[in-house]
$ cat final-v9.csv   # CSV, C-alpha atoms
chain,number,residue,atom,x,y,z
A,1,MET,CA,18.5,7.0,2.1
A,2,THR,CA,15.4,8.8,1.0
A,3,GLU,CA,12.5,9.4,3.3
A,4,LEU,CA,9.4,7.2,3.0
A,5,ARG,CA,6.8,9.1,0.9
A,6,TYR,CA,4.3,6.5,-0.5
A,7,LEU,CA,2.4,3.4,0.7
A,8,LEU,CA,1.2,1.0,-2.0
A,9,ASP,CA,-2.3,-0.3,-1.7
A,10,THR,CA,-2.9,-4.0,-2.3
A,11,ASN,CA,-4.4,-3.4,-5.8
A,12,ILE,CA,-1.4,-1.5,-7.0
A,13,CYS,CA,0.9,-4.3,-5.8
A,14,ILE,CA,-1.3,-6.9,-7.6
A,15,TYR,CA,-1.0,-4.9,-10.9
A,16,ILE,CA,2.8,-4.8,-10.4
A,17,LEU,CA,3.0,-8.5,-9.7
A,18,ALA,CA,0.8,-9.4,-12.6
A,19,ASP,CA,2.9,-7.4,-15.1
A,20,LEU,CA,6.4,-6.2,-14.3
A,21,THR,CA,6.3,-3.9,-17.3
A,22,SER,CA,2.9,-2.3,-16.2
A,23,PRO,CA,2.7,1.5,-15.8
A,24,GLU,CA,2.5,0.9,-12.0
A,25,ALA,CA,5.7,-1.1,-12.1
A,26,GLN,CA,7.4,1.5,-14.2
A,27,ARG,CA,6.3,4.3,-11.8
A,28,LEU,CA,7.7,2.3,-8.9
A,29,ALA,CA,11.0,1.9,-10.6
A,30,LEU,CA,11.2,5.7,-11.0
A,31,GLN,CA,11.0,6.3,-7.3
A,32,ASP,CA,14.0,6.9,-5.1
A,33,ALA,CA,15.1,4.0,-3.0
A,34,GLY,CA,13.5,4.0,0.4
A,35,SER,CA,10.6,6.3,-0.7
A,36,VAL,CA,8.0,3.5,-1.2
A,37,GLY,CA,6.7,0.9,1.2
A,38,VAL,CA,3.8,-1.4,1.7
A,39,SER,CA,1.8,-1.5,4.9
A,40,ALA,CA,2.1,-4.6,7.0
A,41,ILE,CA,-1.6,-5.0,6.3
A,42,VAL,CA,-1.0,-5.1,2.5
A,43,TYR,CA,1.9,-7.4,3.1
A,44,ALA,CA,-0.4,-9.8,5.0
A,45,GLU,CA,-3.0,-9.6,2.1
A,46,LEU,CA,-0.3,-10.3,-0.5
A,47,GLU,CA,1.2,-13.2,1.5
A,48,ARG,CA,-2.3,-14.8,1.8
A,49,GLY,CA,-2.6,-14.6,-1.9
A,50,LEU,CA,0.8,-16.2,-2.4
A,51,VAL,CA,0.0,-19.4,-0.4
A,52,GLY,CA,0.8,-22.2,-2.9
A,53,ALA,CA,2.1,-19.8,-5.5
A,54,SER,CA,4.7,-20.7,-8.0
A,55,PRO,CA,8.4,-20.0,-7.4
A,56,GLU,CA,8.2,-17.3,-10.0
A,57,ALA,CA,5.3,-15.6,-8.2
A,58,ARG,CA,7.2,-15.8,-4.9
A,59,ALA,CA,10.3,-14.3,-6.5
A,60,ALA,CA,8.3,-11.5,-8.0
A,61,ALA,CA,6.8,-10.7,-4.6
A,62,ASP,CA,10.2,-10.8,-3.0
A,63,ALA,CA,11.5,-8.3,-5.6
A,64,LEU,CA,8.5,-6.1,-4.9
A,65,TYR,CA,9.3,-6.1,-1.2
A,66,GLU,CA,12.9,-5.1,-2.0
A,67,ALA,CA,11.6,-2.1,-3.9
A,68,ALA,CA,8.8,-1.4,-1.4
A,69,PRO,CA,9.6,-2.9,2.0
A,70,PRO,CA,6.9,-3.7,4.5
A,71,VAL,CA,6.3,-1.1,7.1
A,72,ASP,CA,5.2,-2.1,10.6
A,73,PHE,CA,1.6,-1.2,11.7
A,74,ASP,CA,2.2,0.4,15.1
A,75,ARG,CA,0.4,2.1,17.9
A,76,ARG,CA,0.2,5.4,16.1
A,77,ALA,CA,-1.5,3.7,13.2
A,78,ALA,CA,-4.0,2.1,15.6
A,79,VAL,CA,-4.9,5.5,17.0
A,80,ALA,CA,-5.3,6.9,13.5
A,81,TYR,CA,-7.6,3.9,12.7
A,82,ALA,CA,-9.8,4.8,15.7
A,83,ARG,CA,-10.3,8.3,14.4
A,84,ILE,CA,-11.5,7.6,10.8
A,85,PRO,CA,-15.0,6.7,9.7
A,86,PHE,CA,-15.7,3.1,10.5
A,87,LYS,CA,-16.6,0.4,8.0
A,88,ARG,CA,-16.8,-3.1,9.3
A,89,GLY,CA,-14.6,-5.7,7.7
A,90,SER,CA,-12.5,-3.3,5.7
A,91,PHE,CA,-8.7,-3.7,5.5
A,92,ASP,CA,-8.7,-0.5,3.5
A,93,ARG,CA,-9.4,1.4,6.7
A,94,LEU,CA,-6.4,-0.1,8.4
A,95,ILE,CA,-4.2,0.7,5.3
A,96,ALA,CA,-5.6,4.3,5.2
A,97,ALA,CA,-4.9,4.8,8.9
A,98,HIS,CA,-1.4,3.5,8.4
A,99,ALA,CA,-0.8,6.1,5.7
A,100,LEU,CA,-2.3,8.9,7.8
A,101,SER,CA,-0.2,8.0,10.8
A,102,LEU,CA,3.0,8.3,8.8
A,103,ASN,CA,1.7,11.3,6.7
A,104,LEU,CA,2.3,9.3,3.5
A,105,ILE,CA,0.5,9.3,0.2
A,106,LEU,CA,-1.5,6.1,-0.4
A,107,VAL,CA,-1.1,4.8,-4.0
A,108,THR,CA,-4.4,3.1,-5.0
A,109,ASN,CA,-6.7,2.5,-7.8
A,110,ASN,CA,-9.7,2.5,-5.4
A,111,GLU,CA,-9.8,6.2,-4.7
A,112,ALA,CA,-13.6,6.1,-4.0
A,113,ASP,CA,-13.0,3.7,-1.1
A,114,PHE,CA,-10.9,6.3,0.6
A,115,ALA,CA,-12.7,9.5,-0.4
A,116,ASP,CA,-14.5,9.9,3.0
A,117,ILE,CA,-11.3,9.8,5.1
A,118,PRO,CA,-10.3,13.3,6.1
A,119,GLY,CA,-6.7,14.3,5.5
A,120,LEU,CA,-5.7,11.1,3.5
A,121,LYS,CA,-3.6,11.9,0.4
A,122,THR,CA,-4.0,9.5,-2.5
A,123,GLU,CA,-2.4,9.0,-5.9
A,124,ASN,CA,-3.5,6.7,-8.7
A,125,TRP,CA,-0.5,5.3,-10.6
A,126,THR,CA,-2.8,3.5,-13.1
A,127,ARG,CA,-3.3,6.7,-15.1
$ encode --input "final-v9.csv" --output "structure tokens"
Amino acid sequence: MTELRYLLDTNICIYILADLTSPEAQRLALQDAGSVGVSAIVYAELERGLVGASPEARAAADALYEAAPPVDFDRRAAVAYARIPFKRGSFDRLIAAHALSLNLILVTNNEADFADIPGLKTENWTR
């Protein structure tokens, strides 16, 4: 199995779920199995959005999790969170800390939200 390389931000997951033929979905399909995951923080955000969703939406999310399984937020991620610039009420900071703690590339369309976090690597799959 391939080593984990990418964490998907919530917005990228939403683009994939909205259109399974989108550029983001196509890019995900090109990645080696095991190289892409979603933070447990992203998983929680997506699951919140799926409350009361249709069976088709649920199936699409389950397929996404097959391609990009949830990754546990652990103590290392918590320590990384404590070291980055603080912004109250921002799940983005937790997601960034998770990517930093695992030395992964965060795939996002919100690059500006993460620009002030030293050492964080990002890619935008919408381009």
$ atom_distance --input "final-v9.csv" --atom1 "atom CA of Leu106 of chain A" --atom2 "atom CA of Asn124 of chain A"
8.6 Å
$ closest_residue --input "final-v9.csv" --among "A:Lys87, A:Arg58, A:Arg76, A:Lys121" --to "Ile105 of chain A" --atoms "only C-alpha atoms"
A:Lys121
$ closest_residue --input "final-v9.csv" --among "A:Tyr15, A:Asp62, A:Gly49, A:Thr2" --to "Ala33 of chain A" --atoms "only C-alpha atoms"
A:Thr2
$ closest_residue --input "final-v9.csv" --among "A:Phe73, A:Tyr65, A:Tyr43, A:Trp125" --to "Leu102 of chain A" --atoms "only C-alpha atoms"
A:Phe73
$ atom_distance --input "final-v9.csv" --atom1 "atom CA of Leu20 of chain A" --atom2 "atom CA of Leu120 of chain A"
27.6 Å
$ residues_around --input "final-v9.csv" --residues "Arg93 of chain A" --least-positions-apart "5" --cutoff "12 Å" --atoms "all atoms listed in the file" --output "PDB file with C-alpha atoms, in the frame of the given file"
ATOM      1  CA  ASP A   9      -2.300  -0.300  -1.700  1.00  0.00           C
ATOM      2  CA  SER A  39       1.800  -1.500   4.900  1.00  0.00           C
ATOM      3  CA  ILE A  41      -1.600  -5.000   6.300  1.00  0.00           C
ATOM      4  CA  VAL A  42      -1.000  -5.100   2.500  1.00  0.00           C
ATOM      5  CA  ALA A  77      -1.500   3.700  13.200  1.00  0.00           C
ATOM      6  CA  ALA A  78      -4.000   2.100  15.600  1.00  0.00           C
ATOM      7  CA  VAL A  79      -4.900   5.500  17.000  1.00  0.00           C
ATOM      8  CA  ALA A  80      -5.300   6.900  13.500  1.00  0.00           C
ATOM      9  CA  TYR A  81      -7.600   3.900  12.700  1.00  0.00           C
ATOM     10  CA  ALA A  82      -9.800   4.800  15.700  1.00  0.00           C
ATOM     11  CA  ARG A  83     -10.300   8.300  14.400  1.00  0.00           C
ATOM     12  CA  ILE A  84     -11.500   7.600  10.800  1.00  0.00           C
ATOM     13  CA  PRO A  85     -15.000   6.700   9.700  1.00  0.00           C
ATOM     14  CA  PHE A  86     -15.700   3.100  10.500  1.00  0.00           C
ATOM     15  CA  LYS A  87     -16.600   0.400   8.000  1.00  0.00           C
ATOM     16  CA  ARG A  88     -16.800  -3.100   9.300  1.00  0.00           C
ATOM     17  CA  HIS A  98      -1.400   3.500   8.400  1.00  0.00           C
ATOM     18  CA  ALA A  99      -0.800   6.100   5.700  1.00  0.00           C
ATOM     19  CA  LEU A 100      -2.300   8.900   7.800  1.00  0.00           C
ATOM     20  CA  LEU A 106      -1.500   6.100  -0.400  1.00  0.00           C
ATOM     21  CA  ASP A 113     -13.000   3.700  -1.100  1.00  0.00           C
ATOM     22  CA  PHE A 114     -10.900   6.300   0.600  1.00  0.00           C
ATOM     23  CA  ALA A 115     -12.700   9.500  -0.400  1.00  0.00           C
ATOM     24  CA  ASP A 116     -14.500   9.900   3.000  1.00  0.00           C
ATOM     25  CA  ILE A 117     -11.300   9.800   5.100  1.00  0.00           C
ATOM     26  CA  PRO A 118     -10.300  13.300   6.100  1.00  0.00           C
ATOM     27  CA  LEU A 120      -5.700  11.100   3.500  1.00  0.00           C
TER      28      LEU A 120
END
$ atom_distance --input "final-v9.csv" --atom1 "atom CA of Glu3 of chain A" --atom2 "atom CA of Val71 of chain A"
12.8 Å
$ residues_around --input "final-v9.csv" --residues "Gln31 of chain A" --least-positions-apart "6" --cutoff "10 Å" --atoms "all atoms listed in the file" --output "compact mmCIF listing (two decimals) with C-alpha atoms, in the frame of the given file"
# COMPACT_ATOMS: atom_id res chain seq x y z
CA THR A 2 15.40 8.80 1.00
CA ARG A 5 6.80 9.10 0.90
CA TYR A 6 4.30 6.50 -0.50
CA ALA A 67 11.60 -2.10 -3.90
CA ALA A 68 8.80 -1.40 -1.40
$ axis_aligned_box --input "final-v9.csv" --around "segment 89-106 of chain A" --padding-each-side "4 Å" --output "JSON"
{"center_x": -5.8, "center_y": 2.8, "center_z": 5.2, "size_x": 25.6, "size_y": 25.0, "size_z": 19.2}
$ residues_around --input "final-v9.csv" --residues "Ala25 of chain A" --least-positions-apart "3" --cutoff "10 Å" --atoms "all atoms listed in the file" --output "PyMOL selection string"
chain A and resi 12-13+15-22+28-30+64+125-126
$ decode --input "final-v9.csv" --residues "segment 78-92 of chain A" --atoms "all heavy atoms" --output "PDB file, in the first residue's frame"
ATOM      1  N   ALA A  78      -2.651  17.565  17.911  1.00  0.00           N
ATOM      2  CA  ALA A  78      -3.017  18.547  18.933  1.00  0.00           C
ATOM      3  C   ALA A  78      -1.833  19.443  19.272  1.00  0.00           C
ATOM      4  O   ALA A  78      -1.989  20.663  19.433  1.00  0.00           O
ATOM      5  CB  ALA A  78      -3.527  17.834  20.190  1.00  0.00           C
ATOM      6  N   VAL A  79      -0.645  18.869  19.366  1.00  0.00           N
ATOM      7  CA  VAL A  79       0.561  19.660  19.641  1.00  0.00           C
ATOM      8  C   VAL A  79       0.842  20.605  18.471  1.00  0.00           C
ATOM      9  O   VAL A  79       1.181  21.777  18.671  1.00  0.00           O
ATOM     10  CB  VAL A  79       1.761  18.733  19.931  1.00  0.00           C
ATOM     11  CG1 VAL A  79       3.067  19.511  19.959  1.00  0.00           C
ATOM     12  CG2 VAL A  79       1.542  17.992  21.244  1.00  0.00           C
ATOM     13  N   ALA A  80       0.683  20.125  17.246  1.00  0.00           N
ATOM     14  CA  ALA A  80       0.883  20.986  16.071  1.00  0.00           C
ATOM     15  C   ALA A  80      -0.115  22.144  16.081  1.00  0.00           C
ATOM     16  O   ALA A  80       0.238  23.283  15.753  1.00  0.00           O
ATOM     17  CB  ALA A  80       0.748  20.171  14.783  1.00  0.00           C
ATOM     18  N   TYR A  81      -1.342  21.871  16.482  1.00  0.00           N
ATOM     19  CA  TYR A  81      -2.370  22.920  16.570  1.00  0.00           C
ATOM     20  C   TYR A  81      -1.951  24.012  17.550  1.00  0.00           C
ATOM     21  O   TYR A  81      -2.142  25.200  17.294  1.00  0.00           O
ATOM     22  CB  TYR A  81      -3.705  22.302  16.979  1.00  0.00           C
ATOM     23  CG  TYR A  81      -4.802  23.299  17.199  1.00  0.00           C
ATOM     24  CD1 TYR A  81      -5.375  23.978  16.133  1.00  0.00           C
ATOM     25  CD2 TYR A  81      -5.268  23.576  18.483  1.00  0.00           C
ATOM     26  CE1 TYR A  81      -6.397  24.894  16.329  1.00  0.00           C
ATOM     27  CE2 TYR A  81      -6.287  24.488  18.686  1.00  0.00           C
ATOM     28  CZ  TYR A  81      -6.842  25.153  17.609  1.00  0.00           C
ATOM     29  OH  TYR A  81      -7.841  26.067  17.813  1.00  0.00           O
ATOM     30  N   ALA A  82      -1.364  23.618  18.661  1.00  0.00           N
ATOM     31  CA  ALA A  82      -0.939  24.588  19.679  1.00  0.00           C
ATOM     32  C   ALA A  82       0.171  25.503  19.179  1.00  0.00           C
ATOM     33  O   ALA A  82       0.368  26.584  19.725  1.00  0.00           O
ATOM     34  CB  ALA A  82      -0.489  23.846  20.939  1.00  0.00           C
ATOM     35  N   ARG A  83       0.849  25.117  18.122  1.00  0.00           N
ATOM     36  CA  ARG A  83       2.011  25.873  17.634  1.00  0.00           C
ATOM     37  C   ARG A  83       1.717  26.778  16.445  1.00  0.00           C
ATOM     38  O   ARG A  83       2.602  27.514  16.014  1.00  0.00           O
ATOM     39  CB  ARG A  83       3.118  24.893  17.259  1.00  0.00           C
ATOM     40  CG  ARG A  83       3.666  24.176  18.462  1.00  0.00           C
ATOM     41  CD  ARG A  83       4.813  23.272  18.086  1.00  0.00           C
ATOM     42  NE  ARG A  83       5.367  22.662  19.291  1.00  0.00           N
ATOM     43  CZ  ARG A  83       5.903  21.468  19.344  1.00  0.00           C
ATOM     44  NH1 ARG A  83       5.984  20.737  18.248  1.00  0.00           N
ATOM     45  NH2 ARG A  83       6.365  20.998  20.470  1.00  0.00           N
ATOM     46  N   ILE A  84       0.524  26.720  15.892  1.00  0.00           N
ATOM     47  CA  ILE A  84       0.228  27.555  14.720  1.00  0.00           C
ATOM     48  C   ILE A  84      -0.533  28.804  15.146  1.00  0.00           C
ATOM     49  O   ILE A  84      -1.126  28.844  16.225  1.00  0.00           O
ATOM     50  CB  ILE A  84      -0.543  26.772  13.637  1.00  0.00           C
ATOM     51  CG1 ILE A  84      -1.909  26.310  14.137  1.00  0.00           C
ATOM     52  CG2 ILE A  84       0.279  25.594  13.136  1.00  0.00           C
ATOM     53  CD1 ILE A  84      -2.747  25.635  13.064  1.00  0.00           C
ATOM     54  N   PRO A  85      -0.512  29.855  14.299  1.00  0.00           N
ATOM     55  CA  PRO A  85      -1.256  31.080  14.640  1.00  0.00           C
ATOM     56  C   PRO A  85      -2.720  30.768  14.921  1.00  0.00           C
ATOM     57  O   PRO A  85      -3.373  30.046  14.171  1.00  0.00           O
ATOM     58  CB  PRO A  85      -1.103  31.947  13.388  1.00  0.00           C
ATOM     59  CG  PRO A  85       0.133  31.446  12.719  1.00  0.00           C
ATOM     60  CD  PRO A  85       0.174  29.966  13.010  1.00  0.00           C
ATOM     61  N   PHE A  86      -3.213  31.304  16.009  1.00  0.00           N
ATOM     62  CA  PHE A  86      -4.561  31.001  16.483  1.00  0.00           C
ATOM     63  C   PHE A  86      -5.607  31.879  15.809  1.00  0.00           C
ATOM     64  O   PHE A  86      -5.398  33.078  15.617  1.00  0.00           O
ATOM     65  CB  PHE A  86      -4.649  31.197  17.993  1.00  0.00           C
ATOM     66  CG  PHE A  86      -6.003  30.894  18.568  1.00  0.00           C
ATOM     67  CD1 PHE A  86      -6.443  29.583  18.688  1.00  0.00           C
ATOM     68  CD2 PHE A  86      -6.845  31.908  18.967  1.00  0.00           C
ATOM     69  CE1 PHE A  86      -7.688  29.288  19.213  1.00  0.00           C
ATOM     70  CE2 PHE A  86      -8.096  31.627  19.498  1.00  0.00           C
ATOM     71  CZ  PHE A  86      -8.520  30.318  19.624  1.00  0.00           C
ATOM     72  N   LYS A  87      -6.731  31.277  15.452  1.00  0.00           N
ATOM     73  CA  LYS A  87      -7.927  31.989  14.986  1.00  0.00           C
ATOM     74  C   LYS A  87      -9.111  31.290  15.625  1.00  0.00           C
ATOM     75  O   LYS A  87      -9.336  30.106  15.392  1.00  0.00           O
ATOM     76  CB  LYS A  87      -8.059  31.960  13.466  1.00  0.00           C
ATOM     77  CG  LYS A  87      -7.105  32.878  12.753  1.00  0.00           C
ATOM     78  CD  LYS A  87      -7.431  32.965  11.280  1.00  0.00           C
ATOM     79  CE  LYS A  87      -6.441  33.862  10.579  1.00  0.00           C
ATOM     80  NZ  LYS A  87      -6.608  33.847   9.136  1.00  0.00           N
ATOM     81  N   ARG A  88      -9.847  32.015  16.416  1.00  0.00           N
ATOM     82  CA  ARG A  88     -10.979  31.449  17.154  1.00  0.00           C
ATOM     83  C   ARG A  88     -12.027  30.868  16.201  1.00  0.00           C
ATOM     84  O   ARG A  88     -12.349  31.433  15.171  1.00  0.00           O
ATOM     85  CB  ARG A  88     -11.624  32.523  18.012  1.00  0.00           C
ATOM     86  CG  ARG A  88     -12.758  32.003  18.868  1.00  0.00           C
ATOM     87  CD  ARG A  88     -13.255  33.026  19.865  1.00  0.00           C
ATOM     88  NE  ARG A  88     -12.229  33.522  20.765  1.00  0.00           N
ATOM     89  CZ  ARG A  88     -11.726  32.862  21.811  1.00  0.00           C
ATOM     90  NH1 ARG A  88     -12.161  31.637  22.067  1.00  0.00           N
ATOM     91  NH2 ARG A  88     -10.818  33.391  22.576  1.00  0.00           N
ATOM     92  N   GLY A  89     -12.549  29.707  16.592  1.00  0.00           N
ATOM     93  CA  GLY A  89     -13.661  29.111  15.865  1.00  0.00           C
ATOM     94  C   GLY A  89     -13.325  28.606  14.478  1.00  0.00           C
ATOM     95  O   GLY A  89     -14.185  28.527  13.627  1.00  0.00           O
ATOM     96  N   SER A  90     -12.078  28.243  14.240  1.00  0.00           N
ATOM     97  CA  SER A  90     -11.684  27.827  12.895  1.00  0.00           C
ATOM     98  C   SER A  90     -11.316  26.348  12.851  1.00  0.00           C
ATOM     99  O   SER A  90     -10.271  25.943  13.367  1.00  0.00           O
ATOM    100  CB  SER A  90     -10.505  28.668  12.408  1.00  0.00           C
ATOM    101  OG  SER A  90     -10.070  28.208  11.150  1.00  0.00           O
ATOM    102  N   PHE A  91     -12.169  25.553  12.224  1.00  0.00           N
ATOM    103  CA  PHE A  91     -11.824  24.151  11.995  1.00  0.00           C
ATOM    104  C   PHE A  91     -10.632  24.046  11.046  1.00  0.00           C
ATOM    105  O   PHE A  91      -9.892  23.064  11.092  1.00  0.00           O
ATOM    106  CB  PHE A  91     -13.012  23.380  11.409  1.00  0.00           C
ATOM    107  CG  PHE A  91     -14.115  23.133  12.387  1.00  0.00           C
ATOM    108  CD1 PHE A  91     -15.414  23.506  12.085  1.00  0.00           C
ATOM    109  CD2 PHE A  91     -13.882  22.523  13.601  1.00  0.00           C
ATOM    110  CE1 PHE A  91     -16.444  23.271  12.976  1.00  0.00           C
ATOM    111  CE2 PHE A  91     -14.899  22.281  14.510  1.00  0.00           C
ATOM    112  CZ  PHE A  91     -16.189  22.667  14.189  1.00  0.00           C
ATOM    113  N   ASP A  92     -10.458  25.064  10.196  1.00  0.00           N
ATOM    114  CA  ASP A  92      -9.329  25.051   9.264  1.00  0.00           C
ATOM    115  C   ASP A  92      -8.000  24.915   9.999  1.00  0.00           C
ATOM    116  O   ASP A  92      -7.084  24.256   9.506  1.00  0.00           O
ATOM    117  CB  ASP A  92      -9.307  26.316   8.410  1.00  0.00           C
ATOM    118  CG  ASP A  92     -10.381  26.345   7.348  1.00  0.00           C
ATOM    119  OD1 ASP A  92     -10.984  25.284   7.076  1.00  0.00           O
ATOM    120  OD2 ASP A  92     -10.623  27.422   6.778  1.00  0.00           O
TER     121      ASP A  92
END
